[in-house]
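With mmCIF, C-alpha atoms inside, this is query_21.cif:
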data_entry
#
loop_
_atom_site.label_atom_id
_atom_site.label_comp_id
_atom_site.auth_asym_id
_atom_site.auth_seq_id
_atom_site.Cartn_x
_atom_site.Cartn_y
_atom_site.Cartn_z
CA MET A 264 -73.14 -15.75 -61.30
CA THR A 265 -73.19 -12.95 -58.76
CA PRO A 266 -76.60 -12.22 -57.18
CA ALA A 267 -78.21 -8.82 -57.31
CA GLN A 268 -78.36 -8.67 -53.53
CA THR A 269 -74.55 -8.64 -53.33
CA LEU A 270 -73.82 -4.92 -53.50
CA THR A 271 -70.26 -5.13 -52.28
CA PRO A 272 -68.23 -2.92 -54.66
CA PRO A 273 -64.85 -3.91 -56.09
CA SER A 274 -61.86 -3.65 -53.79
CA PRO A 275 -60.53 -0.23 -52.74
CA GLU A 276 -57.41 -1.03 -54.76
CA GLN A 277 -59.50 -1.57 -57.90
CA ILE A 278 -61.42 1.65 -57.34
CA GLN A 279 -58.17 3.57 -56.80
CA SER A 280 -56.85 2.11 -60.05
CA ASP A 281 -59.95 3.34 -61.90
CA ILE A 282 -59.54 6.80 -60.38
CA ALA A 283 -55.84 6.97 -61.18
CA ARG A 284 -56.63 6.46 -64.87
CA ALA A 285 -59.41 9.05 -64.75
CA PHE A 286 -57.23 11.66 -63.06
CA ALA A 287 -54.33 10.97 -65.42
CA GLU A 288 -56.45 11.84 -68.44
CA ASP A 289 -58.34 14.74 -66.84
CA ILE A 290 -55.97 16.46 -64.38
CA GLY A 291 -52.71 15.35 -65.97
CA SER A 292 -49.85 17.55 -64.74
CA GLY A 293 -52.25 19.82 -62.83
CA ASP A 294 -55.57 21.67 -62.95
CA ALA A 295 -54.69 25.05 -64.45
CA THR A 296 -58.18 26.48 -64.01
CA ALA A 297 -58.42 25.54 -60.32
CA GLN A 298 -55.59 28.01 -59.67
CA LEU A 299 -58.10 30.83 -60.25
CA LEU A 300 -59.58 30.00 -56.84
CA PRO A 301 -57.88 31.39 -53.73
CA ALA A 302 -55.43 28.97 -52.15
CA GLY A 303 -56.87 27.45 -49.00
CA ALA A 304 -60.42 28.56 -49.78
CA ARG A 305 -63.23 26.33 -48.51
CA ALA A 306 -66.39 25.49 -50.41
CA HIS A 307 -69.60 23.56 -50.08
CA ALA A 308 -71.70 21.93 -52.77
CA ALA A 309 -74.98 20.08 -53.34
CA LEU A 310 -75.34 17.21 -55.80
CA THR A 311 -78.74 17.07 -57.51
CA CYS A 312 -80.15 14.27 -59.65
CA ARG A 313 -82.26 15.86 -62.38
CA GLU A 314 -84.14 12.73 -63.46
CA ALA A 315 -85.60 9.53 -62.05
CA ALA A 316 -82.72 7.12 -61.59
CA VAL A 317 -81.16 4.26 -59.65
CA ILE A 318 -77.95 5.40 -58.01
CA ALA A 319 -74.67 3.49 -58.42
CA GLY A 320 -71.05 4.53 -58.07
CA ILE A 321 -70.85 6.22 -54.68
CA PRO A 322 -67.50 4.57 -53.76
CA TRP A 323 -65.88 6.01 -56.91
CA PHE A 324 -67.41 9.45 -56.34
CA ASP A 325 -66.19 9.56 -52.75
CA ALA A 326 -62.71 8.30 -53.61
CA CYS A 327 -62.23 10.97 -56.28
CA PHE A 328 -62.78 13.77 -53.77
CA ARG A 329 -60.87 12.09 -50.95
CA GLN A 330 -57.90 11.48 -53.22
CA LEU A 331 -57.42 15.26 -53.52
CA ASP A 332 -58.78 16.29 -50.11
CA PRO A 333 -58.67 13.52 -47.46
CA SER A 334 -60.60 15.73 -45.03
CA VAL A 335 -63.53 16.44 -47.37
CA ARG A 336 -66.95 15.94 -45.79
CA ILE A 337 -69.51 14.06 -47.91
CA ASP A 338 -73.02 13.55 -46.54
CA TRP A 339 -75.12 11.16 -48.63
CA GLN A 340 -78.91 11.12 -48.52
CA VAL A 341 -79.04 7.85 -50.50
CA LYS A 342 -77.06 4.66 -50.96
CA ASP A 343 -76.17 2.65 -54.04
CA GLY A 344 -79.22 0.80 -55.35
CA ASP A 345 -81.68 3.48 -54.19
CA ARG A 346 -84.20 5.00 -56.57
CA VAL A 347 -84.40 8.78 -56.64
CA GLU A 348 -86.86 11.24 -58.14
CA PRO A 349 -86.06 14.24 -60.36
CA GLY A 350 -84.75 17.20 -58.38
CA SER A 351 -83.52 15.12 -55.45
CA ILE A 352 -80.46 16.40 -53.60
CA ILE A 353 -78.57 13.17 -53.12
CA CYS A 354 -75.49 14.44 -51.27
CA ARG A 355 -73.77 17.52 -49.89
CA LEU A 356 -70.03 18.17 -49.75
CA GLU A 357 -67.72 20.51 -47.86
CA GLY A 358 -63.98 20.82 -48.36
CA ASP A 359 -61.04 22.49 -50.09
CA ALA A 360 -62.35 24.52 -53.02
CA ARG A 361 -59.52 23.76 -55.43
CA ALA A 362 -59.70 20.03 -54.71
CA MET A 363 -63.45 20.02 -55.22
CA VAL A 364 -63.38 21.63 -58.65
CA SER A 365 -60.50 19.38 -59.74
CA ALA A 366 -62.24 16.18 -58.65
CA GLU A 367 -65.72 17.17 -59.82
CA ARG A 368 -65.69 15.96 -63.42
CA SER A 369 -64.12 12.55 -62.78
CA ALA A 370 -66.41 11.96 -59.80
CA LEU A 371 -69.50 12.87 -61.83
CA ASN A 372 -68.36 10.78 -64.78
CA PHE A 373 -68.22 7.67 -62.61
CA LEU A 374 -71.52 8.35 -60.85
CA GLN A 375 -73.41 9.32 -64.02
CA LEU A 376 -72.13 6.34 -65.99
CA LEU A 377 -72.73 3.73 -63.31
CA SER A 378 -76.12 5.16 -62.35
CA GLY A 379 -77.07 4.97 -66.03
CA THR A 380 -76.22 1.27 -66.07
CA ALA A 381 -78.12 0.66 -62.83
CA THR A 382 -81.15 2.57 -64.10
CA ILE A 383 -81.52 0.71 -67.39
CA THR A 384 -80.90 -2.59 -65.63
CA ALA A 385 -83.70 -1.80 -63.18
CA ALA A 386 -86.05 -1.13 -66.09
CA HIS A 387 -85.34 -4.57 -67.57
CA VAL A 388 -85.70 -6.24 -64.18
CA ALA A 389 -89.09 -4.55 -63.73
CA ALA A 390 -90.20 -5.82 -67.15
CA VAL A 391 -89.79 -9.46 -66.00
CA ALA A 392 -90.91 -8.98 -62.40
CA ASP A 393 -93.91 -11.29 -62.84
CA THR A 394 -91.69 -14.18 -64.01
CA GLN A 395 -88.82 -16.25 -62.60
CA THR A 396 -86.42 -15.02 -65.29
CA ARG A 397 -83.26 -13.26 -64.13
CA VAL A 398 -81.54 -10.45 -66.03
CA LEU A 399 -77.84 -11.00 -66.74
CA ASP A 400 -75.13 -8.70 -68.07
CA THR A 401 -72.40 -9.73 -70.55
CA ARG A 402 -68.72 -9.01 -71.27
CA LYS A 403 -69.72 -6.09 -73.54
CA THR A 404 -68.38 -3.50 -71.13
CA LEU A 405 -66.32 -0.32 -71.41
CA PRO A 406 -62.62 -1.31 -71.45
CA GLY A 407 -61.10 -1.04 -68.00
CA LEU A 408 -64.43 -0.52 -66.20
CA ARG A 409 -65.90 -4.03 -66.25
CA LEU A 410 -65.97 -4.57 -62.48
CA ALA A 411 -67.48 -1.13 -61.96
CA GLN A 412 -70.22 -1.70 -64.54
CA LYS A 413 -71.01 -5.18 -63.28
CA TYR A 414 -71.37 -3.72 -59.79
CA ALA A 415 -73.80 -1.16 -61.25
CA VAL A 416 -75.83 -3.99 -62.81
CA ARG A 417 -76.22 -5.52 -59.35
CA CYS A 418 -77.29 -2.13 -58.00
CA GLY A 419 -80.07 -2.18 -60.60
CA GLY A 420 -81.28 -5.61 -59.51
CA GLY A 421 -79.57 -7.62 -62.23
CA TYR A 422 -77.15 -10.51 -61.99
CA ASN A 423 -73.63 -10.92 -63.30
CA HIS A 424 -72.73 -13.44 -65.99
CA ARG A 425 -69.08 -14.49 -66.04
CA ILE A 426 -66.64 -11.70 -65.23
CA GLY A 427 -64.16 -12.66 -67.95
CA LEU A 428 -62.78 -15.50 -69.99
CA TYR A 429 -61.19 -17.08 -66.92
CA ASP A 430 -64.04 -17.78 -64.48
CA ALA A 431 -66.51 -19.73 -66.65
CA ILE A 432 -66.58 -21.49 -70.02
CA LEU A 433 -69.00 -20.52 -72.77
CA VAL A 434 -68.70 -22.87 -75.74
CA LYS A 435 -69.94 -21.01 -78.82
CA GLU A 436 -70.28 -21.77 -82.52
CA ASN A 437 -66.62 -21.25 -83.42
CA HIS A 438 -65.44 -23.41 -80.52
CA ILE A 439 -67.83 -26.18 -81.59
CA ILE A 440 -66.64 -26.02 -85.22
CA ALA A 441 -62.98 -26.06 -84.20
CA ALA A 442 -63.48 -28.99 -81.81
CA GLY A 443 -65.51 -31.05 -84.29
CA GLY A 444 -68.87 -30.89 -82.54
CA ILE A 445 -70.62 -30.22 -79.26
CA GLN A 446 -69.58 -33.46 -77.58
CA PRO A 447 -65.82 -33.17 -78.19
CA ALA A 448 -65.91 -29.48 -77.26
CA VAL A 449 -67.66 -30.20 -73.97
CA GLU A 450 -65.43 -33.18 -73.18
CA ALA A 451 -62.30 -31.06 -73.74
CA ALA A 452 -63.67 -28.27 -71.57
CA ARG A 453 -64.49 -30.67 -68.73
CA ARG A 454 -61.04 -32.24 -68.95
CA LEU A 455 -59.17 -28.94 -68.96
CA HIS A 456 -61.28 -27.00 -66.43
CA PRO A 457 -63.49 -29.37 -64.42
CA SER A 458 -64.33 -26.82 -61.72
CA LEU A 459 -65.62 -24.03 -64.00
CA LEU A 460 -69.25 -23.49 -64.93
CA LEU A 461 -69.73 -24.87 -68.44
CA GLU A 462 -72.29 -23.28 -70.75
CA VAL A 463 -72.95 -24.24 -74.37
CA GLU A 464 -74.57 -22.06 -77.02
CA VAL A 465 -77.01 -23.93 -79.28
CA GLU A 466 -78.73 -22.78 -82.47
CA SER A 467 -81.42 -25.46 -82.89
CA ILE A 468 -83.53 -27.96 -81.00
CA ASP A 469 -81.24 -30.73 -82.29
CA GLU A 470 -78.19 -29.01 -80.77
CA LEU A 471 -80.14 -28.47 -77.55
CA GLU A 472 -80.76 -32.20 -77.29
CA GLN A 473 -77.07 -32.90 -77.93
CA ALA A 474 -76.07 -30.53 -75.13
CA LEU A 475 -78.59 -32.13 -72.77
CA ALA A 476 -77.28 -35.60 -73.59
CA ILE A 477 -73.63 -34.76 -72.92
CA GLY A 478 -74.38 -32.90 -69.69
CA VAL A 479 -73.62 -29.19 -69.26
CA ASP A 480 -74.28 -26.61 -66.53
CA ARG A 481 -76.25 -24.13 -68.64
CA ILE A 482 -77.48 -23.82 -72.22
CA MET A 483 -77.70 -20.58 -74.20
CA LEU A 484 -80.43 -20.43 -76.85
CA ASP A 485 -79.09 -18.38 -79.74
CA ASN A 486 -81.56 -16.77 -82.17
CA PHE A 487 -84.44 -19.03 -81.14
CA THR A 488 -87.97 -17.97 -82.00
CA LEU A 489 -90.42 -17.62 -79.15
CA ALA A 490 -92.04 -20.89 -80.19
CA ASN A 491 -88.69 -22.67 -80.14
CA MET A 492 -87.88 -21.15 -76.74
CA ARG A 493 -91.09 -22.62 -75.37
CA GLU A 494 -90.24 -25.98 -76.94
CA ALA A 495 -86.74 -25.84 -75.45
CA VAL A 496 -88.23 -25.20 -72.00
CA ARG A 497 -90.59 -28.16 -72.47
CA ILE A 498 -87.82 -30.52 -73.58
CA THR A 499 -85.38 -29.42 -70.91
CA ALA A 500 -88.00 -29.73 -68.17
CA GLY A 501 -85.83 -27.94 -65.62
CA ARG A 502 -82.85 -30.28 -65.95
CA VAL A 503 -80.50 -27.48 -67.06
CA PRO A 504 -80.96 -23.70 -66.77
CA LEU A 505 -81.70 -22.02 -70.10
CA GLU A 506 -80.41 -18.60 -71.12
CA VAL A 507 -81.52 -16.41 -74.03
CA SER A 508 -79.20 -13.86 -75.61
CA GLY A 509 -79.40 -11.60 -78.65
CA ASP A 510 -81.94 -8.97 -79.78
CA VAL A 511 -83.25 -8.44 -76.26
CA ASP A 512 -84.58 -5.03 -75.25
CA LEU A 513 -87.45 -3.57 -73.25
CA THR A 514 -89.90 -4.33 -76.07
CA THR A 515 -89.03 -8.03 -76.28
CA ILE A 516 -87.82 -9.13 -72.84
CA GLY A 517 -91.30 -9.65 -71.42
CA GLU A 518 -92.36 -12.13 -74.11
CA ILE A 519 -89.03 -13.93 -73.85
CA ALA A 520 -89.32 -14.27 -70.07
CA HIS A 521 -92.84 -15.66 -70.34
CA THR A 522 -91.54 -18.62 -72.36
CA GLY A 523 -90.14 -19.91 -69.08
CA VAL A 524 -86.40 -19.48 -69.67
CA ASP A 525 -84.25 -18.96 -66.60
CA PHE A 526 -81.97 -16.14 -67.77
CA VAL A 527 -81.87 -13.34 -70.32
CA SER A 528 -78.46 -11.77 -70.99
CA ILE A 529 -78.36 -8.23 -72.37
CA GLY A 530 -75.21 -6.57 -73.72
CA SER A 531 -76.82 -3.13 -73.96
CA LEU A 532 -76.95 -2.78 -70.17
CA THR A 533 -73.25 -1.97 -70.18
CA LYS A 534 -72.58 -1.24 -73.86
CA HIS A 535 -75.25 1.34 -74.74
CA VAL A 536 -74.99 3.64 -71.74
CA ARG A 537 -76.81 6.95 -71.32
CA ALA A 538 -75.44 8.85 -68.37
CA VAL A 539 -77.85 10.02 -65.68
CA ASN A 540 -78.21 13.80 -65.50
CA LEU A 541 -76.49 15.04 -62.33
CA SER A 542 -75.58 18.59 -61.31
CA LEU A 543 -73.02 19.65 -58.71
CA ARG A 544 -73.31 23.30 -57.65
CA LEU A 545 -70.38 24.73 -55.65
CA GLN A 546 -70.22 27.87 -53.51
CA LEU A 547 -67.24 29.37 -51.73
CA ASP A 548 -67.63 29.67 -47.97
#

Let me see the file written as structure tokens.
Amino acid sequence: MTPAQTLTPPSPEQIQSDIARAFAEDIGSGDATAQLLPAGARAHAALTCREAAVIAGIPWFDACFRQLDPSVRIDWQVKDGDRVEPGSIICRLEGDARAMVSAERSALNFLQLLSGTATITAAHVAAVADTQTRVLDTRKTLPGLRLAQKYAVRCGGGYNHRIGLYDAILVKENHIIAAGGIQPAVEAARRLHPSLLLEVEVESIDELEQALAIGVDRIMLDNFTLANMREAVRITAGRVPLEVSGDVDLTTIGEIAHTGVDFVSIGSLTKHVRAVNLSLRLQLD
């Protein structure tokens, strides 16, 4: 689990890979419209956020412009993780006019998308601020942008669940059925990957007690009622962290957190994304 305070973005190589895909689909063989601007013309621009938001994605935004104009000047008034109010000018740019119009859409796409994830994450974090419950993301991310979106979750104050299928084990219903039960599934997981975090999904108090008896690192409560969540917290008594997943939104997360569970994982943080409204206005020098 990656803490919210760790706002280190993915590697420059990963960011460049993301941008290469974005430019391939947007610029392709060349920006035909940019040729309407005079060659060598300079321009300046202001980036305005038109709504309240939490900013995330600055490294991608910067890299888009610098890919096409290494000498572009970008002056930020904010940093990733900052909250901004409607109408805020969050950065100013100065550089080659053709490069700026060619990079604009991809740069805004990254910043709008990731700021949207950070903003909705921050809303969920605020909803449980009076509890000890931590907000987690899931693997329900846009294909190819998982590391970017998980970074945005951290910018919003959330925490990362496992990055993929390789860095932690989550034993779910189908794994349990195939293995012949919780105990054989857990024993096989420990034997094959003893160093990985091992979490088991349970669907009843009886399965919870089985998971506690065999010894796991975390237990996910699947489709538990609020009453059963409270009972699970009582039975577990802090021996193993408890996570709740499924049907969690801003209308339910508060009640869930007040049952005393340690984590709430929410797929919609990265799956149901509404881009933040940003506007970049350019003027030729």

Can you turn the PyMOL selection byres ((chain A and resi 312) around 7) into a concrete residue list for this file, as a compact mmCIF listing (two decimals) with C-alpha atoms, keeping the file's coordinate frame?
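The result, written out as expr-v6.txt:
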# COMPACT_ATOMS: atom_id res chain seq x y z
CA LEU A 310 -75.34 17.21 -55.80
CA THR A 311 -78.74 17.07 -57.51
CA ARG A 313 -82.26 15.86 -62.38
CA GLU A 314 -84.14 12.73 -63.46
CA PRO A 349 -86.06 14.24 -60.36
CA GLY A 350 -84.75 17.20 -58.38
CA SER A 351 -83.52 15.12 -55.45
CA ILE A 352 -80.46 16.40 -53.60
CA ILE A 353 -78.57 13.17 -53.12
CA ASN A 540 -78.21 13.80 -65.50
CA LEU A 541 -76.49 15.04 -62.33
CA SER A 542 -75.58 18.59 -61.31

For the PyMOL selection byres ((chain A and resi 359) around 9), applied here, can you spell out every residue it catches as an MDAnalysis selection string? chainID A and resid 302:307 331:332 334:335 357:358 360:364

Ranking A:Val536, A:Glu450, A:Ser508, A:Leu461 by minimum distance to Thr382 in chain A and counting only C-alpha atoms, which one comes first?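 Residue with the minimum atom-to-atom distance to Thr382 in chain A: A:Val536.
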
CA of Val507 in chain A and CA of Ser528 in chain A, how far apart in Å?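 Between these atoms lies a distance of 6.3 Å.
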
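Using all atoms listed in the file, the protein and nucleic acid residues lying no more than 9 Å from Lys413 in chain A, apart from those fewer than 2 places from it along its own chain, are Thr380, Asp400, Thr401, Thr404, Leu408, Arg409, Leu410, Ala411, Ala415, Val416, Arg417, Cys418, Gly421, Tyr422, Asn423, His424, Ile426 and Thr533 of chain A.
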
Writer output for current selection, C-alpha atoms, as a tab-separated table (two decimals), in the coordinates of the input:
chain	number	residue	atom	x	y	z
A	380	THR	CA	-76.22	1.27	-66.07
A	400	ASP	CA	-75.13	-8.70	-68.07
A	401	THR	CA	-72.40	-9.73	-70.55
A	404	THR	CA	-68.38	-3.50	-71.13
A	408	LEU	CA	-64.43	-0.52	-66.20
A	409	ARG	CA	-65.90	-4.03	-66.25
A	410	LEU	CA	-65.97	-4.57	-62.48
A	411	ALA	CA	-67.48	-1.13	-61.96
A	415	ALA	CA	-73.80	-1.16	-61.25
A	416	VAL	CA	-75.83	-3.99	-62.81
A	417	ARG	CA	-76.22	-5.52	-59.35
A	418	CYS	CA	-77.29	-2.13	-58.00
A	421	GLY	CA	-79.57	-7.62	-62.23
A	422	TYR	CA	-77.15	-10.51	-61.99
A	423	ASN	CA	-73.63	-10.92	-63.30
A	424	HIS	CA	-72.73	-13.44	-65.99
A	426	ILE	CA	-66.64	-11.70	-65.23
A	533	THR	CA	-73.25	-1.97	-70.18

Between CA of Ile337 in chain A and CA of Arg355 in chain A, what is the distance in Å, rounded to a tenth? 5.8 Å

For CA of Val317 in chain A and CA of Ala385 in chain A, quote the distance in Å rounded to one decimal.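 Separating CA of Val317 in chain A from CA of Ala385 in chain A is a distance of 7.5 Å.
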
Restricting the calculation to only C-alpha atoms: of A:Val398, A:Leu428, A:Ala316, A:Ile477, which residue gets closest to Arg453 in chain A?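 Comparing A:Val398, A:Leu428, A:Ala316, A:Ile477 against Arg453 in chain A, the winner is A:Ile477.
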
Using only C-alpha atoms, which residues sit within 10 Å of Ala285 in chain A once same-chain residues fewer than 6 positions away are excluded, as a list in words?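 Non-adjacent residues within range: Gln279, Gly291, Cys327, Ala366, Arg368, Ser369, Ala370, Asn372 and Phe373 of chain A.
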
Which residues fall under the PyMOL selection byres ((chain A and resi 521) around 9) in this file, as a list in words? Val391, Asp393, Thr394, Gln395, Thr396, Arg493, Ile516, Gly517, Glu518, Ile519, Ala520, Thr522, Gly523 and Val524 of chain A

Residues within 8 Å of (-84.3, -7.6, -68.8), file coords, all atoms listed in the file, listed as an MDAnalysis selection string: chainID A and resid 384 386:391 397:399 511:513 516:517 527:529

Which is closer to Leu371 in chain A than all the others in A:Asp338, A:Asp325, A:Asp343, A:Glu436, using only C-alpha atoms?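 Smallest distance to Leu371 in chain A is found for A:Asp325.
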
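Nearest-residue note for Ala308 in chain A: choosing from A:Leu356, A:Ala538, A:Ala431, A:Ala392, the minimum distance belongs to A:Leu356, counting all atoms listed in the file.
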
Tell me which protein, DNA and RNA residues are within 12 Å of Asp469 in chain A, counting only C-alpha atoms, leaving out same-chain ones fewer than 2 positions away, and put them as a PyMOL selection string. chain A and resi 445+465-467+471-476+484+491+494-495+498
